[in-house]
Every structure is written in C-alpha cells, then in structure tokens.
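Below is my_file.cif, which holds mmCIF, N, CA and C atoms.
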```
data_work
#
loop_
_atom_site.label_atom_id
_atom_site.label_comp_id
_atom_site.auth_asym_id
_atom_site.auth_seq_id
_atom_site.Cartn_x
_atom_site.Cartn_y
_atom_site.Cartn_z
N ALA R 1392 133.12 -171.98 -73.51
CA ALA R 1392 131.88 -171.97 -74.28
C ALA R 1392 130.69 -171.98 -73.33
N LEU R 1393 129.63 -171.38 -73.76
CA LEU R 1393 128.42 -171.28 -72.94
C LEU R 1393 127.80 -172.66 -72.73
N GLN R 1394 127.51 -172.98 -71.46
CA GLN R 1394 126.90 -174.27 -71.13
C GLN R 1394 125.51 -174.12 -70.54
N PHE R 1395 125.22 -172.99 -69.88
CA PHE R 1395 123.93 -172.75 -69.25
C PHE R 1395 123.31 -171.50 -69.87
N LEU R 1396 122.10 -171.63 -70.37
CA LEU R 1396 121.36 -170.48 -70.87
C LEU R 1396 120.08 -170.39 -70.04
N ASP R 1397 120.00 -169.37 -69.21
CA ASP R 1397 118.85 -169.20 -68.32
C ASP R 1397 118.21 -167.85 -68.60
N VAL R 1398 117.08 -167.89 -69.31
CA VAL R 1398 116.30 -166.68 -69.59
C VAL R 1398 114.90 -166.81 -69.00
N ALA R 1399 114.80 -167.59 -67.94
CA ALA R 1399 113.50 -167.88 -67.32
C ALA R 1399 112.92 -166.64 -66.65
N GLU R 1400 111.59 -166.62 -66.60
CA GLU R 1400 110.81 -165.63 -65.88
C GLU R 1400 111.10 -164.21 -66.32
N ASN R 1401 111.07 -164.03 -67.61
CA ASN R 1401 111.14 -162.71 -68.22
C ASN R 1401 109.86 -162.52 -69.00
N GLU R 1402 109.82 -161.57 -69.86
CA GLU R 1402 108.66 -161.39 -70.73
C GLU R 1402 109.13 -161.40 -72.18
N ILE R 1403 109.99 -162.37 -72.49
CA ILE R 1403 110.53 -162.47 -73.84
C ILE R 1403 109.43 -162.97 -74.77
N MET R 1404 109.25 -162.27 -75.87
CA MET R 1404 108.17 -162.59 -76.81
C MET R 1404 108.74 -163.09 -78.12
N GLY R 1405 107.90 -163.81 -78.87
CA GLY R 1405 108.29 -164.28 -80.18
C GLY R 1405 108.78 -165.71 -80.14
N PRO R 1406 109.22 -166.21 -81.28
CA PRO R 1406 109.66 -167.61 -81.35
C PRO R 1406 111.04 -167.78 -80.71
N LEU R 1407 111.31 -169.01 -80.27
CA LEU R 1407 112.66 -169.35 -79.83
C LEU R 1407 113.57 -169.28 -81.05
N PRO R 1408 114.72 -168.66 -80.95
CA PRO R 1408 115.59 -168.51 -82.12
C PRO R 1408 116.12 -169.85 -82.62
N THR R 1409 116.11 -170.03 -83.92
CA THR R 1409 116.67 -171.24 -84.51
C THR R 1409 118.18 -171.32 -84.26
N GLU R 1410 118.80 -170.18 -84.04
CA GLU R 1410 120.23 -170.13 -83.79
C GLU R 1410 120.66 -170.85 -82.52
N LEU R 1411 119.70 -171.14 -81.64
CA LEU R 1411 120.05 -171.94 -80.46
C LEU R 1411 120.69 -173.26 -80.87
N GLY R 1412 120.30 -173.78 -82.01
CA GLY R 1412 120.86 -175.03 -82.50
C GLY R 1412 122.34 -174.95 -82.85
N LEU R 1413 122.87 -173.74 -82.94
CA LEU R 1413 124.29 -173.54 -83.22
C LEU R 1413 125.13 -173.55 -81.94
N MET R 1414 124.46 -173.48 -80.80
CA MET R 1414 125.16 -173.39 -79.52
C MET R 1414 125.36 -174.80 -78.96
N THR R 1415 126.20 -175.56 -79.63
CA THR R 1415 126.32 -176.99 -79.37
C THR R 1415 127.00 -177.34 -78.06
N SER R 1416 127.54 -176.37 -77.36
CA SER R 1416 128.14 -176.64 -76.05
C SER R 1416 127.12 -176.53 -74.91
N LEU R 1417 125.89 -176.14 -75.22
CA LEU R 1417 124.88 -175.98 -74.17
C LEU R 1417 124.55 -177.31 -73.50
N LEU R 1418 124.48 -177.26 -72.17
CA LEU R 1418 124.03 -178.40 -71.38
C LEU R 1418 122.61 -178.19 -70.85
N HIS R 1419 122.24 -176.92 -70.63
CA HIS R 1419 120.95 -176.62 -70.02
C HIS R 1419 120.36 -175.36 -70.66
N ILE R 1420 119.08 -175.45 -71.03
CA ILE R 1420 118.32 -174.30 -71.48
C ILE R 1420 117.11 -174.16 -70.57
N TYR R 1421 117.03 -173.04 -69.89
CA TYR R 1421 115.88 -172.72 -69.04
C TYR R 1421 115.20 -171.49 -69.63
N ALA R 1422 114.06 -171.69 -70.26
CA ALA R 1422 113.34 -170.61 -70.93
C ALA R 1422 111.88 -170.61 -70.52
N PHE R 1423 111.61 -171.03 -69.29
CA PHE R 1423 110.22 -171.13 -68.82
C PHE R 1423 109.69 -169.78 -68.34
N HIS R 1424 108.38 -169.69 -68.27
CA HIS R 1424 107.67 -168.48 -67.83
C HIS R 1424 108.06 -167.26 -68.65
N ASN R 1425 107.86 -167.37 -69.96
CA ASN R 1425 108.06 -166.26 -70.87
C ASN R 1425 106.83 -166.17 -71.76
N LEU R 1426 106.98 -165.52 -72.88
CA LEU R 1426 105.89 -165.37 -73.84
C LEU R 1426 106.32 -165.91 -75.21
N PHE R 1427 107.14 -166.95 -75.22
CA PHE R 1427 107.58 -167.54 -76.47
C PHE R 1427 106.40 -168.14 -77.22
N THR R 1428 106.42 -168.00 -78.53
CA THR R 1428 105.34 -168.49 -79.39
C THR R 1428 105.95 -169.33 -80.51
N GLY R 1429 105.08 -169.82 -81.38
CA GLY R 1429 105.55 -170.61 -82.52
C GLY R 1429 105.87 -172.03 -82.13
N ASN R 1430 106.63 -172.71 -82.97
CA ASN R 1430 107.03 -174.09 -82.73
C ASN R 1430 108.41 -174.14 -82.10
N LEU R 1431 108.72 -175.29 -81.49
CA LEU R 1431 110.10 -175.50 -81.07
C LEU R 1431 110.96 -175.67 -82.32
N PRO R 1432 112.09 -175.00 -82.39
CA PRO R 1432 112.92 -175.13 -83.59
C PRO R 1432 113.47 -176.55 -83.76
N THR R 1433 113.41 -177.05 -84.96
CA THR R 1433 113.97 -178.37 -85.24
C THR R 1433 115.48 -178.38 -85.03
N GLU R 1434 116.10 -177.22 -85.13
CA GLU R 1434 117.55 -177.10 -84.95
C GLU R 1434 118.01 -177.49 -83.55
N LEU R 1435 117.09 -177.53 -82.59
CA LEU R 1435 117.47 -177.96 -81.24
C LEU R 1435 118.00 -179.39 -81.25
N GLY R 1436 117.63 -180.18 -82.24
CA GLY R 1436 118.12 -181.54 -82.35
C GLY R 1436 119.63 -181.64 -82.49
N ARG R 1437 120.27 -180.54 -82.86
CA ARG R 1437 121.74 -180.52 -82.97
C ARG R 1437 122.42 -180.50 -81.60
N LEU R 1438 121.67 -180.23 -80.56
CA LEU R 1438 122.24 -180.09 -79.21
C LEU R 1438 122.32 -181.46 -78.55
N VAL R 1439 123.19 -182.28 -79.05
CA VAL R 1439 123.24 -183.69 -78.64
C VAL R 1439 123.78 -183.89 -77.23
N ILE R 1440 124.41 -182.86 -76.63
CA ILE R 1440 124.87 -183.01 -75.25
C ILE R 1440 123.95 -182.28 -74.26
N LEU R 1441 122.89 -181.67 -74.77
CA LEU R 1441 121.96 -180.96 -73.89
C LEU R 1441 121.33 -181.93 -72.91
N GLN R 1442 121.29 -181.53 -71.64
CA GLN R 1442 120.72 -182.37 -70.59
C GLN R 1442 119.36 -181.88 -70.12
N SER R 1443 119.13 -180.56 -70.17
CA SER R 1443 117.86 -179.99 -69.70
C SER R 1443 117.33 -179.01 -70.72
N LEU R 1444 116.07 -179.20 -71.08
CA LEU R 1444 115.36 -178.26 -71.94
C LEU R 1444 114.03 -177.97 -71.25
N VAL R 1445 113.92 -176.77 -70.69
CA VAL R 1445 112.72 -176.42 -69.93
C VAL R 1445 112.10 -175.18 -70.58
N VAL R 1446 110.97 -175.40 -71.22
CA VAL R 1446 110.26 -174.32 -71.92
C VAL R 1446 108.82 -174.21 -71.42
N ALA R 1447 108.57 -174.64 -70.21
CA ALA R 1447 107.22 -174.64 -69.63
C ALA R 1447 106.68 -173.22 -69.50
N TYR R 1448 105.36 -173.12 -69.51
CA TYR R 1448 104.65 -171.86 -69.29
C TYR R 1448 105.02 -170.79 -70.31
N ASN R 1449 104.82 -171.14 -71.56
CA ASN R 1449 104.96 -170.23 -72.68
C ASN R 1449 103.71 -170.39 -73.55
N ALA R 1450 103.79 -169.97 -74.78
CA ALA R 1450 102.69 -170.15 -75.73
C ALA R 1450 103.20 -170.89 -76.96
N ILE R 1451 104.09 -171.85 -76.75
CA ILE R 1451 104.65 -172.63 -77.84
C ILE R 1451 103.61 -173.65 -78.28
N ALA R 1452 103.49 -173.86 -79.58
CA ALA R 1452 102.43 -174.72 -80.11
C ALA R 1452 102.99 -175.69 -81.14
N GLY R 1453 102.12 -176.59 -81.57
CA GLY R 1453 102.49 -177.52 -82.62
C GLY R 1453 103.12 -178.78 -82.07
N PRO R 1454 103.57 -179.63 -82.97
CA PRO R 1454 104.17 -180.90 -82.53
C PRO R 1454 105.58 -180.69 -82.00
N LEU R 1455 105.99 -181.58 -81.12
CA LEU R 1455 107.39 -181.60 -80.70
C LEU R 1455 108.20 -182.14 -81.88
N PRO R 1456 109.25 -181.47 -82.28
CA PRO R 1456 110.00 -181.93 -83.45
C PRO R 1456 110.62 -183.31 -83.23
N THR R 1457 110.58 -184.13 -84.25
CA THR R 1457 111.18 -185.46 -84.15
C THR R 1457 112.68 -185.37 -83.89
N GLU R 1458 113.29 -184.26 -84.26
CA GLU R 1458 114.72 -184.06 -84.03
C GLU R 1458 115.09 -184.09 -82.56
N LEU R 1459 114.11 -183.88 -81.67
CA LEU R 1459 114.40 -184.00 -80.24
C LEU R 1459 114.89 -185.40 -79.90
N GLY R 1460 114.52 -186.37 -80.69
CA GLY R 1460 114.99 -187.73 -80.48
C GLY R 1460 116.48 -187.89 -80.68
N LEU R 1461 117.12 -186.92 -81.32
CA LEU R 1461 118.57 -186.95 -81.50
C LEU R 1461 119.32 -186.50 -80.25
N MET R 1462 118.58 -185.93 -79.31
CA MET R 1462 119.19 -185.37 -78.10
C MET R 1462 119.37 -186.50 -77.08
N THR R 1463 120.37 -187.31 -77.31
CA THR R 1463 120.54 -188.54 -76.53
C THR R 1463 121.01 -188.32 -75.11
N SER R 1464 121.45 -187.11 -74.77
CA SER R 1464 121.86 -186.80 -73.40
C SER R 1464 120.75 -186.14 -72.59
N LEU R 1465 119.60 -185.89 -73.22
CA LEU R 1465 118.52 -185.16 -72.56
C LEU R 1465 117.98 -185.95 -71.37
N LEU R 1466 118.03 -185.34 -70.20
CA LEU R 1466 117.53 -185.94 -68.97
C LEU R 1466 116.23 -185.29 -68.50
N GLU R 1467 116.02 -184.03 -68.89
CA GLU R 1467 114.87 -183.27 -68.41
C GLU R 1467 114.24 -182.51 -69.57
N LEU R 1468 112.96 -182.74 -69.80
CA LEU R 1468 112.19 -181.98 -70.77
C LEU R 1468 110.98 -181.43 -70.04
N GLY R 1469 110.99 -180.15 -69.81
CA GLY R 1469 109.87 -179.48 -69.15
C GLY R 1469 109.08 -178.70 -70.17
N ALA R 1470 107.89 -179.16 -70.48
CA ALA R 1470 107.11 -178.54 -71.55
C ALA R 1470 105.66 -178.29 -71.14
N VAL R 1471 105.37 -178.33 -69.86
CA VAL R 1471 104.01 -178.15 -69.37
C VAL R 1471 103.51 -176.74 -69.69
N ALA R 1472 102.20 -176.62 -69.82
CA ALA R 1472 101.51 -175.34 -70.01
C ALA R 1472 101.92 -174.63 -71.30
N ASN R 1473 101.93 -175.39 -72.38
CA ASN R 1473 102.07 -174.87 -73.73
C ASN R 1473 100.92 -175.46 -74.54
N SER R 1474 101.00 -175.43 -75.84
CA SER R 1474 99.95 -175.99 -76.68
C SER R 1474 100.53 -177.00 -77.66
N PHE R 1475 101.35 -177.91 -77.15
CA PHE R 1475 101.95 -178.94 -78.00
C PHE R 1475 100.89 -179.94 -78.44
N THR R 1476 101.11 -180.52 -79.62
CA THR R 1476 100.21 -181.53 -80.16
C THR R 1476 101.01 -182.76 -80.55
N GLY R 1477 100.33 -183.84 -80.83
CA GLY R 1477 100.99 -185.04 -81.31
C GLY R 1477 101.60 -185.88 -80.21
N THR R 1478 102.64 -186.63 -80.56
CA THR R 1478 103.25 -187.56 -79.64
C THR R 1478 104.69 -187.16 -79.36
N LEU R 1479 105.26 -187.78 -78.35
CA LEU R 1479 106.67 -187.56 -78.04
C LEU R 1479 107.54 -188.25 -79.08
N PRO R 1480 108.60 -187.61 -79.50
CA PRO R 1480 109.49 -188.25 -80.49
C PRO R 1480 110.21 -189.45 -79.90
#
```

Kindly transcribe the structure held in the file into structure tokens.
Amino acid sequence: ALQFLDVAENEIMGPLPTELGLMTSLLHIYAFHNLFTGNLPTELGRLVILQSLVVAYNAIAGPLPTELGLMTSLLELGAVANSFTGTLP
C-alpha cells in the first residue's frame, strides 16, 4: 500500500482531493509549492497513522479542520505561506 505521496514543487491547481482521506496507509504527504486552493479536506482526519502533512506554499485558505486533531501520529505539519484562519485543532 502507498505510504509516501510526494507531489511537491509542481504546478498542481485546484483543491486537494477529498479522496486522500481514503488512503489510510499513508505516512507522509508532501504537497508543498503547488497551486492548491480551497480548504484542507476534513477527510484527512481519517489518516490516523499519517506522520507528515506538508502543504506549505500553496493558496489553501480557511480554518484548519478540527478533524486534524484525530491524526494522533502526526509529527510534522507544514502549513506556512497559505491563508489559514482560526486556531490549531
């Protein structure tokens, strides 16, 4: 099963797919330096073994979903240079 998803430093546009939440074997998501927009999908909260979520340098906006608090294995959250609002879950 896929454990590392690295799509960093491309020019991928649009929202992060909600289907990422179905990839429950993922340990690391590197999606920085793209053109992602919209909110972080709440479905990411299903990734309870995810250790790294790096979405820095995109155009993601809105609050960080409270479902991120379900990600009890998360060691790294890279979210710099976006337009997030609110507080950390």

Check: What gap, in Å, lies between atom C of Thr1457 (chain R) and CA of Asn1430 (chain R)?
Finding: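 Here the two named atoms are 12.7 Å from each other.
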
Item checked: All residues 6 Å or closer to Gly1469 (chain R), all atoms listed in the file, same chain fewer than 5 positions away omitted, as a list in words -> Leu1444, Val1445, Val1446 and Ala1447 of chain R

Next item on the list: Name every residue that the PyMOL selection byres (((chain R and resi 1434 and name CA) around 9) and name CA) selects in this structure, writing the answer as JSON, numbers by chain with chains first and numbers rising.
Entry: {"R": [1409, 1410, 1411, 1412, 1413, 1431, 1432, 1433, 1435, 1436, 1437, 1438, 1458, 1459]}

Filtering to N, CA and C atoms, could you give me those residues as a compact mmCIF listing (two decimals), in the coordinates of the input?
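Generated output (out.txt):
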```txt
# COMPACT_ATOMS: atom_id res chain seq x y z
N THR R 1409 116.11 -170.03 -83.92
CA THR R 1409 116.67 -171.24 -84.51
C THR R 1409 118.18 -171.32 -84.26
N GLU R 1410 118.80 -170.18 -84.04
CA GLU R 1410 120.23 -170.13 -83.79
C GLU R 1410 120.66 -170.85 -82.52
N LEU R 1411 119.70 -171.14 -81.64
CA LEU R 1411 120.05 -171.94 -80.46
C LEU R 1411 120.69 -173.26 -80.87
N GLY R 1412 120.30 -173.78 -82.01
CA GLY R 1412 120.86 -175.03 -82.50
C GLY R 1412 122.34 -174.95 -82.85
N LEU R 1413 122.87 -173.74 -82.94
CA LEU R 1413 124.29 -173.54 -83.22
C LEU R 1413 125.13 -173.55 -81.94
N LEU R 1431 108.72 -175.29 -81.49
CA LEU R 1431 110.10 -175.50 -81.07
C LEU R 1431 110.96 -175.67 -82.32
N PRO R 1432 112.09 -175.00 -82.39
CA PRO R 1432 112.92 -175.13 -83.59
C PRO R 1432 113.47 -176.55 -83.76
N THR R 1433 113.41 -177.05 -84.96
CA THR R 1433 113.97 -178.37 -85.24
C THR R 1433 115.48 -178.38 -85.03
N LEU R 1435 117.09 -177.53 -82.59
CA LEU R 1435 117.47 -177.96 -81.24
C LEU R 1435 118.00 -179.39 -81.25
N GLY R 1436 117.63 -180.18 -82.24
CA GLY R 1436 118.12 -181.54 -82.35
C GLY R 1436 119.63 -181.64 -82.49
N ARG R 1437 120.27 -180.54 -82.86
CA ARG R 1437 121.74 -180.52 -82.97
C ARG R 1437 122.42 -180.50 -81.60
N LEU R 1438 121.67 -180.23 -80.56
CA LEU R 1438 122.24 -180.09 -79.21
C LEU R 1438 122.32 -181.46 -78.55
N GLU R 1458 113.29 -184.26 -84.26
CA GLU R 1458 114.72 -184.06 -84.03
C GLU R 1458 115.09 -184.09 -82.56
N LEU R 1459 114.11 -183.88 -81.67
CA LEU R 1459 114.40 -184.00 -80.24
C LEU R 1459 114.89 -185.40 -79.90
```

Item checked: the PyMOL selection byres ((chain R and resi 1426) around 7) resolved against shown file, as a list of chain:residue names ->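 Taken over the shown coordinates, the PyMOL selection byres ((chain R and resi 1426) around 7) returns R:Asn1401, R:Glu1402, R:Ile1403, R:Met1404, R:Gly1405, R:Pro1406, R:Phe1423, R:His1424, R:Asn1425, R:Phe1427, R:Thr1428, R:Tyr1448, R:Asn1449, R:Ala1450, R:Ile1451.
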
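Between Leu1407 (chain R) and the residues R:Asn1473, R:Gly1429, R:Ser1443, R:Met1462, the shortest atom-to-atom distance, using only C-alpha atoms, involves R:Gly1429.
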
Margin query: DSSP on the backbone, strand (DSSP E) only: what residues of chain R does that give? Format it as a list in words.
Written below: Phe1395, Leu1396, Asp1397, Met1404, Gly1405, Pro1406, His1419, Ile1420, Tyr1421, Leu1426, Phe1427, Thr1428, Gly1429, Ser1443, Leu1444, Val1445, Ala1450, Ile1451, Ala1452, Gly1453, Pro1454, Glu1467, Leu1468, Gly1469, Ser1474, Phe1475 and Thr1476 of chain R

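Shortest atom-to-atom contact with Ala1392 (chain R) among R:Ala1422, R:Leu1455, R:Leu1417, R:Ala1472: R:Leu1417, counting all atoms listed in the file.
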
Margin query: Could you go through chain R and tell me which residues DSSP, when run on the backbone, assigns to helix (DSSP H, G or I), listing them as a list in words?
Written below: Thr1409, Glu1410, Leu1411, Gly1412, Leu1413, Thr1433, Glu1434, Leu1435, Gly1436, Arg1437, Thr1457, Glu1458, Leu1459, Gly1460 and Leu1461 of chain R

Check: Could you work out how far atom N of Leu1461 (chain R) lies from atom C of Ile1440 (chain R), giving the answer in Å with one decimal?
Finding: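 Going from atom C of Ile1440 (chain R) over to atom N of Leu1461 (chain R) covers 10.9 Å.
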
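Note that the spacing between CA of Thr1478 (chain R) and CA of Val1398 (chain R) amounts to 26.6 Å.
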
Checklist line | Shell of 6.5 Å around Asp1397 (chain R), only N, CA and C atoms, local chain residues under 3 positions omitted, as a PyMOL selection string | finding: chain R and resi 1419-1422

Margin query: Take the PyMOL selection byres ((chain R and resi 1454) around 6), run it mentally on this structure, and tell me the resulting residues as JSON, numbers by chain.
Written below: {"R": [1452, 1453, 1455, 1456, 1475, 1476, 1477]}

Dump N, CA and C atoms for the selected residues as a short mmCIF file (atom, residue, chain, number, x, y, z; two decimals), in the coordinates of the input?
```cif
data_model
loop_
_atom_site.label_atom_id
_atom_site.label_comp_id
_atom_site.auth_asym_id
_atom_site.auth_seq_id
_atom_site.Cartn_x
_atom_site.Cartn_y
_atom_site.Cartn_z
N ALA R 1452 103.49 -173.86 -79.58
CA ALA R 1452 102.43 -174.72 -80.11
C ALA R 1452 102.99 -175.69 -81.14
N GLY R 1453 102.12 -176.59 -81.57
CA GLY R 1453 102.49 -177.52 -82.62
C GLY R 1453 103.12 -178.78 -82.07
N LEU R 1455 105.99 -181.58 -81.12
CA LEU R 1455 107.39 -181.60 -80.70
C LEU R 1455 108.20 -182.14 -81.88
N PRO R 1456 109.25 -181.47 -82.28
CA PRO R 1456 110.00 -181.93 -83.45
C PRO R 1456 110.62 -183.31 -83.23
N PHE R 1475 101.35 -177.91 -77.15
CA PHE R 1475 101.95 -178.94 -78.00
C PHE R 1475 100.89 -179.94 -78.44
N THR R 1476 101.11 -180.52 -79.62
CA THR R 1476 100.21 -181.53 -80.16
C THR R 1476 101.01 -182.76 -80.55
N GLY R 1477 100.33 -183.84 -80.83
CA GLY R 1477 100.99 -185.04 -81.31
C GLY R 1477 101.60 -185.88 -80.21
#
```
